[in-house]
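First the structure, in the form of structure tokens, and then the observations on it.
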There are 2 protein chains.
Amino acid sequence: MTFTEKLRASVQETGSTLCVGLDPNLDLLPQPVKQQFESREEQVSYFCKLVIDYTAEHAAAFKPNLAFFEALGKDGLSVFEEVISHIPENKIIIADAKRGDISSTADHYKKAYFDEFNVDAITINPLMGFETLEAFSKDETKGLYVLALTSNSGASDFLKQPYKNFESMSEYIADQLSKKSRFSDTHLGMVIGATQAEEASSVLKYHPEGALLIPGIGAQGGSISELEKALTHHTGIPLINSSRGIIYAGKDEGDWPEYVAEQAKSMKQKLSSITKKYV
Amino acid sequence: MTFTEKLRASVQETGSTLCVGLDPNLDLLPQPVKQQFESREEQVSYFCKLVIDYTAEHAAAFKPNLAFFEALGKDGLSVFEEVISHIPENKIIIADAKRGDISSTADHYKKAYFDEFNVDAITINPLMGFETLEAFSKDETKGLYVLALTSNSGASDFLKQPYKNFESMSEYIADQLSKKSRFSDTHLGMVIGATQAEEASSVLKYHPEGALLIPGIGAQGGSISELEKALTHHTGIPLINSSRGIIYAGKDEGDWPEYVAEQAKSMKQKLSSITKKYV
């Protein structure tokens with residue numbers, strides 16, 4: 001099964017384009033989790049597993065963010081592996097790692113995420129050039145989400161600047177990804193910040209078949225109706241990520257996982273006008 | 001002791017600007033190491049420790065490359081920690097991680113590398129904007145090496161392109177780093193590819209006080225005399241990295257560490273015309 005086949009199946013089975021971001025911040029873990037376990041590794045592992053259990057019904061994908069696991073120090077990747085092995089097999093797993101390197105370094109990042117951890121996709125930073133994609137390009141069961149347009153204010157330093165013959169570097173990246181897709185077995189998708197739906201549509205038109213990872217909904221306040229408009233002509237399947245807005249719902253409550261499930265369900269419903277196009 | 005003080009002291013004590021890159025590729029480990037240990041984790045750990053033991057006399061710094069540790073899977077960061085804790089305290093340790101993210105993700109990368117692993121410096125990818133530096137900016141004992149000019153062919157996709165009012169994006173990055181240095185306790189250095197010494201000098205002039213991490217000498221064949229010329233007016237201390245050219249010297253020999261030591265010594269001597277300016 002190719003990456004896009006798995007992605008489509010996962011969206012169809014759950015009737016959802018929701019991706020749950022796993023950003024386990026020690027300062028924000030629910031009180032009951034902190035009380036139940038002494039070690040932070042156990043806290044993070046248990047917290048993420050419960051979030052997965054209570055949201056899997058409503059989400060097509062999970063996006064663990066490597067920074068939060070590396071911050072645990074030497075056991076971080078061991079906790080990361082525990083958490084991803086708890087995610088049901090039919091879900092898309094995206095390692096949010098934003099790696100971007102070349103030659104044997106890139107080969108080893110590919111070994112890490114495609115072979116060792118065996119996730120479905122990884123986020124990529126293309127600053128060193130499109131050469132950063134090459135090591136990952138031979139696997140039709142995998143996908144890349146390449147940083148194209150982000151929703152932070154710093155996006156104006158590079159990504160939103162006019163570039164070559166394009167109105168922005170983001171457009172150039174999308175255009176190149178579309179061209180390079182012909183020579184890549186691995187699916188080349190994009191990260192597109194959702195708080196800028198207008199700008200997003202001008203980028204999307206350059207790579208209309210690319211799968212999308214869209215952060216910025218939920219806690220960051222992107223508008224779903226604007227996003228829907230931006231996606232009108234897009235055929236690549238979008239995953240809309242929410243992290244904090246879901247996983248820390250009810251963090252001060254004894255039955256916090258119920259709040260987490262409720263938030264995921266509610267977000268899935270809010271996204272239904274977008275999802276219906278792809279199911 | 002600030003980062004630049006430690007950097008200067010380390011260069012002075014060793015009389016060397018050499019940085020040894022620790023890129024432990026399982027396919028290239030010396031035969032005796034593979035025969036002595038069954039597990040790849042033990043092989044990598046032992047190999048790196050012996051490289052450190054045999055090169056420390058000749059090197060001011062070590063640069064472990066995270067990709068090669070992550071490629072070991074769940075125990076990768078545990079091996080990484082073992083290796084860096086074996087590096088003598090007076091050496092500069094640069095985590096070659098090329099992380100680049102924002103807000104709480106950046107905070108957690110900072111926690112990982114500055115607090116948990118407690119390395120002296122980390123390499124940073126600024127594509128998401130200079131916001132990527134903020135989480136790291138409050139520690140005068142630490143340094144950042146920000147990707148500015150790389151030596152791969154893909155550098156022409158972004159870094160070498162004309163940008164804003166500058167001849168290249170590399171120049172713009174250097175200019176911004178110089179300006180942002182005034183507001184950063186953490187030292188803001190640059191990664192500058194050494195195979196392009198001519199281009200390098202046009203970038204360096206924008207941030208003349210920035211510490212430099214210069215890959216591309218040795219196996220990648222950058223010219224030392226050209227590099228020396230490019231550094232004529234630069235006051236920031238350079239570290240010149242060599243990985244494969246040193247660590248895999250004599251990999252088929254029983255006394256391979258002797259070859260590693262010999263290569264490091266030879267590289268230190270080749271760099272002496274550059275080093276003498278900073279000692």
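Chains: A, B, ... in order of the structure tokens. Residues: from 1 per chain. Ligands: from 1, in order shown.
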message: Select, as a ChimeraX atom specification, those residues of chain A with any atom no more than 8 Å from chain B (distances computed using only C-alpha atoms).
response: /A:65,67-68,70-81,98-102,105-106,108-113,116-117,125,127-131,150,152-159,163
- request: Enumerate, as a ChimeraX atom specification, the complete set of residues in region 131-217 of chain B that a backbone-based DSSP assignment places in strand (DSSP E or B).
  value: /B:143-149,163,166,187-192,212-214
Same residues, all heavy atoms, output as a short mmCIF file (atom, residue, chain, number, x, y, z; two decimals), in the first residue's frame:
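The resulting result32.cif:
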```
data_model
loop_
_atom_site.label_atom_id
_atom_site.label_comp_id
_atom_site.auth_asym_id
_atom_site.auth_seq_id
_atom_site.Cartn_x
_atom_site.Cartn_y
_atom_site.Cartn_z
N GLY B 143 26.89 28.62 22.49
CA GLY B 143 26.99 29.21 21.16
C GLY B 143 26.04 28.53 20.18
O GLY B 143 25.64 27.38 20.38
N LEU B 144 25.66 29.26 19.15
CA LEU B 144 24.91 28.68 18.04
C LEU B 144 25.75 28.81 16.78
O LEU B 144 26.41 29.83 16.57
CB LEU B 144 23.58 29.44 17.82
CG LEU B 144 22.59 29.49 18.97
CD1 LEU B 144 21.35 30.28 18.54
CD2 LEU B 144 22.19 28.09 19.42
N TYR B 145 25.73 27.78 15.95
CA TYR B 145 26.32 27.90 14.63
C TYR B 145 25.15 27.81 13.64
O TYR B 145 24.55 26.74 13.47
CB TYR B 145 27.34 26.79 14.38
CG TYR B 145 28.62 26.97 15.17
CD1 TYR B 145 28.82 26.31 16.38
CD2 TYR B 145 29.63 27.80 14.70
CE1 TYR B 145 30.01 26.48 17.11
CE2 TYR B 145 30.81 27.98 15.41
CZ TYR B 145 30.99 27.32 16.62
OH TYR B 145 32.17 27.49 17.33
N VAL B 146 24.83 28.95 13.05
CA VAL B 146 23.66 29.05 12.18
C VAL B 146 24.08 28.77 10.74
O VAL B 146 25.07 29.34 10.25
CB VAL B 146 23.04 30.45 12.30
CG1 VAL B 146 21.82 30.58 11.38
CG2 VAL B 146 22.64 30.73 13.76
N LEU B 147 23.35 27.92 10.06
CA LEU B 147 23.64 27.63 8.65
C LEU B 147 23.62 28.92 7.85
O LEU B 147 22.60 29.60 7.78
CB LEU B 147 22.57 26.70 8.06
CG LEU B 147 22.64 25.21 8.38
CD1 LEU B 147 21.46 24.49 7.73
CD2 LEU B 147 23.95 24.62 7.90
N ALA B 148 24.74 29.25 7.23
CA ALA B 148 24.80 30.48 6.44
C ALA B 148 25.19 30.16 5.00
O ALA B 148 24.53 30.58 4.06
CB ALA B 148 25.77 31.47 7.07
N LEU B 149 26.28 29.42 4.84
CA LEU B 149 26.73 29.05 3.49
C LEU B 149 27.19 27.61 3.55
O LEU B 149 28.07 27.28 4.35
CB LEU B 149 27.88 29.95 3.05
CG LEU B 149 28.54 29.65 1.71
CD1 LEU B 149 27.56 29.85 0.56
CD2 LEU B 149 29.78 30.51 1.50
N TYR B 163 19.37 37.84 -2.68
CA TYR B 163 18.29 37.93 -1.70
C TYR B 163 18.19 39.34 -1.14
O TYR B 163 19.19 39.90 -0.68
CB TYR B 163 18.53 36.92 -0.57
CG TYR B 163 17.30 36.67 0.24
CD1 TYR B 163 16.20 36.02 -0.32
CD2 TYR B 163 17.21 37.11 1.56
CE1 TYR B 163 15.05 35.81 0.41
CE2 TYR B 163 16.06 36.90 2.29
CZ TYR B 163 14.98 36.24 1.72
OH TYR B 163 13.84 36.03 2.44
N PHE B 166 21.02 41.89 -0.99
CA PHE B 166 22.31 41.22 -0.86
C PHE B 166 22.59 40.34 -2.07
O PHE B 166 21.68 39.92 -2.78
CB PHE B 166 22.32 40.37 0.41
CG PHE B 166 22.21 41.19 1.66
CD1 PHE B 166 20.96 41.59 2.15
CD2 PHE B 166 23.34 41.60 2.36
CE1 PHE B 166 20.85 42.37 3.29
CE2 PHE B 166 23.25 42.37 3.51
CZ PHE B 166 22.00 42.76 3.98
N HIS B 187 26.38 33.25 22.01
CA HIS B 187 27.15 33.68 20.86
C HIS B 187 26.52 33.17 19.56
O HIS B 187 26.18 31.99 19.45
CB HIS B 187 28.60 33.19 20.96
CG HIS B 187 29.43 33.67 19.80
ND1 HIS B 187 29.92 34.95 19.74
CD2 HIS B 187 29.80 33.06 18.64
CE1 HIS B 187 30.57 35.11 18.60
NE2 HIS B 187 30.51 33.98 17.92
N LEU B 188 26.40 34.06 18.58
CA LEU B 188 25.81 33.67 17.30
C LEU B 188 26.90 33.49 16.25
O LEU B 188 27.42 34.47 15.70
CB LEU B 188 24.80 34.73 16.83
CG LEU B 188 23.66 35.04 17.80
CD1 LEU B 188 22.70 36.07 17.19
CD2 LEU B 188 22.90 33.78 18.18
N GLY B 189 27.27 32.26 16.01
CA GLY B 189 28.27 31.95 15.00
C GLY B 189 27.61 31.46 13.71
O GLY B 189 26.39 31.49 13.57
N MET B 190 28.44 31.03 12.78
CA MET B 190 27.93 30.61 11.47
C MET B 190 28.58 29.32 11.00
O MET B 190 29.75 29.07 11.28
CB MET B 190 28.24 31.68 10.41
CG MET B 190 27.64 33.04 10.68
SD MET B 190 27.83 34.14 9.23
CE MET B 190 29.56 34.61 9.38
N VAL B 191 27.83 28.56 10.22
CA VAL B 191 28.40 27.46 9.45
C VAL B 191 28.71 27.99 8.06
O VAL B 191 27.84 28.56 7.39
CB VAL B 191 27.40 26.28 9.31
CG1 VAL B 191 27.97 25.18 8.42
CG2 VAL B 191 27.02 25.72 10.67
N ILE B 192 29.96 27.87 7.66
CA ILE B 192 30.42 28.40 6.37
C ILE B 192 31.17 27.30 5.62
O ILE B 192 32.23 26.84 6.07
CB ILE B 192 31.38 29.60 6.61
CG1 ILE B 192 30.66 30.78 7.27
CG2 ILE B 192 32.06 30.04 5.30
CD1 ILE B 192 29.76 31.57 6.34
N LEU B 212 33.14 30.59 13.72
CA LEU B 212 32.82 29.87 12.49
C LEU B 212 32.99 28.36 12.65
O LEU B 212 33.95 27.91 13.29
CB LEU B 212 33.73 30.33 11.35
CG LEU B 212 33.74 31.83 11.04
CD1 LEU B 212 34.78 32.14 9.96
CD2 LEU B 212 32.36 32.30 10.60
N LEU B 213 32.07 27.64 12.07
CA LEU B 213 32.22 26.19 11.94
C LEU B 213 32.35 25.92 10.45
O LEU B 213 31.44 26.23 9.67
CB LEU B 213 31.01 25.47 12.52
CG LEU B 213 31.00 23.95 12.33
CD1 LEU B 213 32.21 23.30 13.00
CD2 LEU B 213 29.70 23.36 12.89
N ILE B 214 33.50 25.40 10.06
CA ILE B 214 33.82 25.26 8.65
C ILE B 214 33.98 23.79 8.27
O ILE B 214 35.01 23.18 8.56
CB ILE B 214 35.11 26.06 8.32
CG1 ILE B 214 34.92 27.53 8.74
CG2 ILE B 214 35.47 25.93 6.85
CD1 ILE B 214 36.15 28.40 8.55
#
```
- request: Would you please give, as a PyMOL selection string, all residues of region 76-232 of chain B that DSSP assigns to helix (DSSP H, G or I) based on the backbone?
  value: chain B and resi 76-85+103-116+131-134+153-156+169-181+194-204+224-230
task: Tell me which protein, DNA and RNA residues are within 7 Å of Phe3 (chain A), counting only C-alpha atoms, leaving out same-chain ones fewer than 2 positions away, and put them as a list in words.
output: Met1, Glu5, Lys6, Leu7, Glu140, Thr141, Lys142, Gly143 and His187 of chain A
Keeping only N, CA, C and O atoms, write the selected residues as a CSV table (one decimal), in the first residue's frame.
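Result went into out.csv, see below:
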```csv
chain,number,residue,atom,x,y,z
A,1,MET,N,0.8,-1.2,0.0
A,1,MET,CA,0.0,0.0,0.0
A,1,MET,C,0.9,1.3,0.0
A,1,MET,O,1.8,1.4,0.8
A,5,GLU,N,-2.3,5.9,-0.5
A,5,GLU,CA,-3.4,4.9,-0.3
A,5,GLU,C,-3.7,4.8,1.2
A,5,GLU,O,-4.8,4.8,1.6
A,6,LYS,N,-2.6,4.6,1.9
A,6,LYS,CA,-2.8,4.5,3.4
A,6,LYS,C,-3.4,5.8,4.0
A,6,LYS,O,-4.3,5.7,4.8
A,7,LEU,N,-3.0,6.9,3.5
A,7,LEU,CA,-3.5,8.2,4.0
A,7,LEU,C,-5.0,8.3,3.6
A,7,LEU,O,-5.8,8.6,4.5
A,140,GLU,N,7.8,4.2,-1.8
A,140,GLU,CA,6.5,4.6,-2.1
A,140,GLU,C,5.5,4.4,-1.0
A,140,GLU,O,4.4,4.9,-1.0
A,141,THR,N,6.0,3.7,0.1
A,141,THR,CA,5.1,3.6,1.3
A,141,THR,C,5.3,4.7,2.2
A,141,THR,O,4.7,4.8,3.3
A,142,LYS,N,6.2,5.7,1.9
A,142,LYS,CA,6.5,6.8,2.8
A,142,LYS,C,6.1,8.2,2.2
A,142,LYS,O,6.0,8.3,1.0
A,143,GLY,N,6.0,9.2,3.0
A,143,GLY,CA,5.8,10.5,2.6
A,143,GLY,C,6.7,11.5,3.3
A,143,GLY,O,7.2,11.2,4.4
A,187,HIS,N,6.1,10.1,-1.6
A,187,HIS,CA,5.2,11.2,-1.8
A,187,HIS,C,5.8,12.5,-1.2
A,187,HIS,O,6.2,12.5,-0.1
```
message: Can you pull out the residues contacting Met267 (chain B)? Cut-off 9 Å, using only C-alpha atoms, and skip same-chain residues under 3 positions away; I want them as a PyMOL selection string.
response: chain B and resi 18+58+218+242+246+262-264+270-272
- prompt: Of the candidates A:Leu29, A:Val119, A:Leu204, A:Ala249, which shows the shortest atom-to-atom distance to His233 (chain A), using only C-alpha atoms?
  reply: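 Result for the nearest residue to His233 (chain A): A:Leu204.
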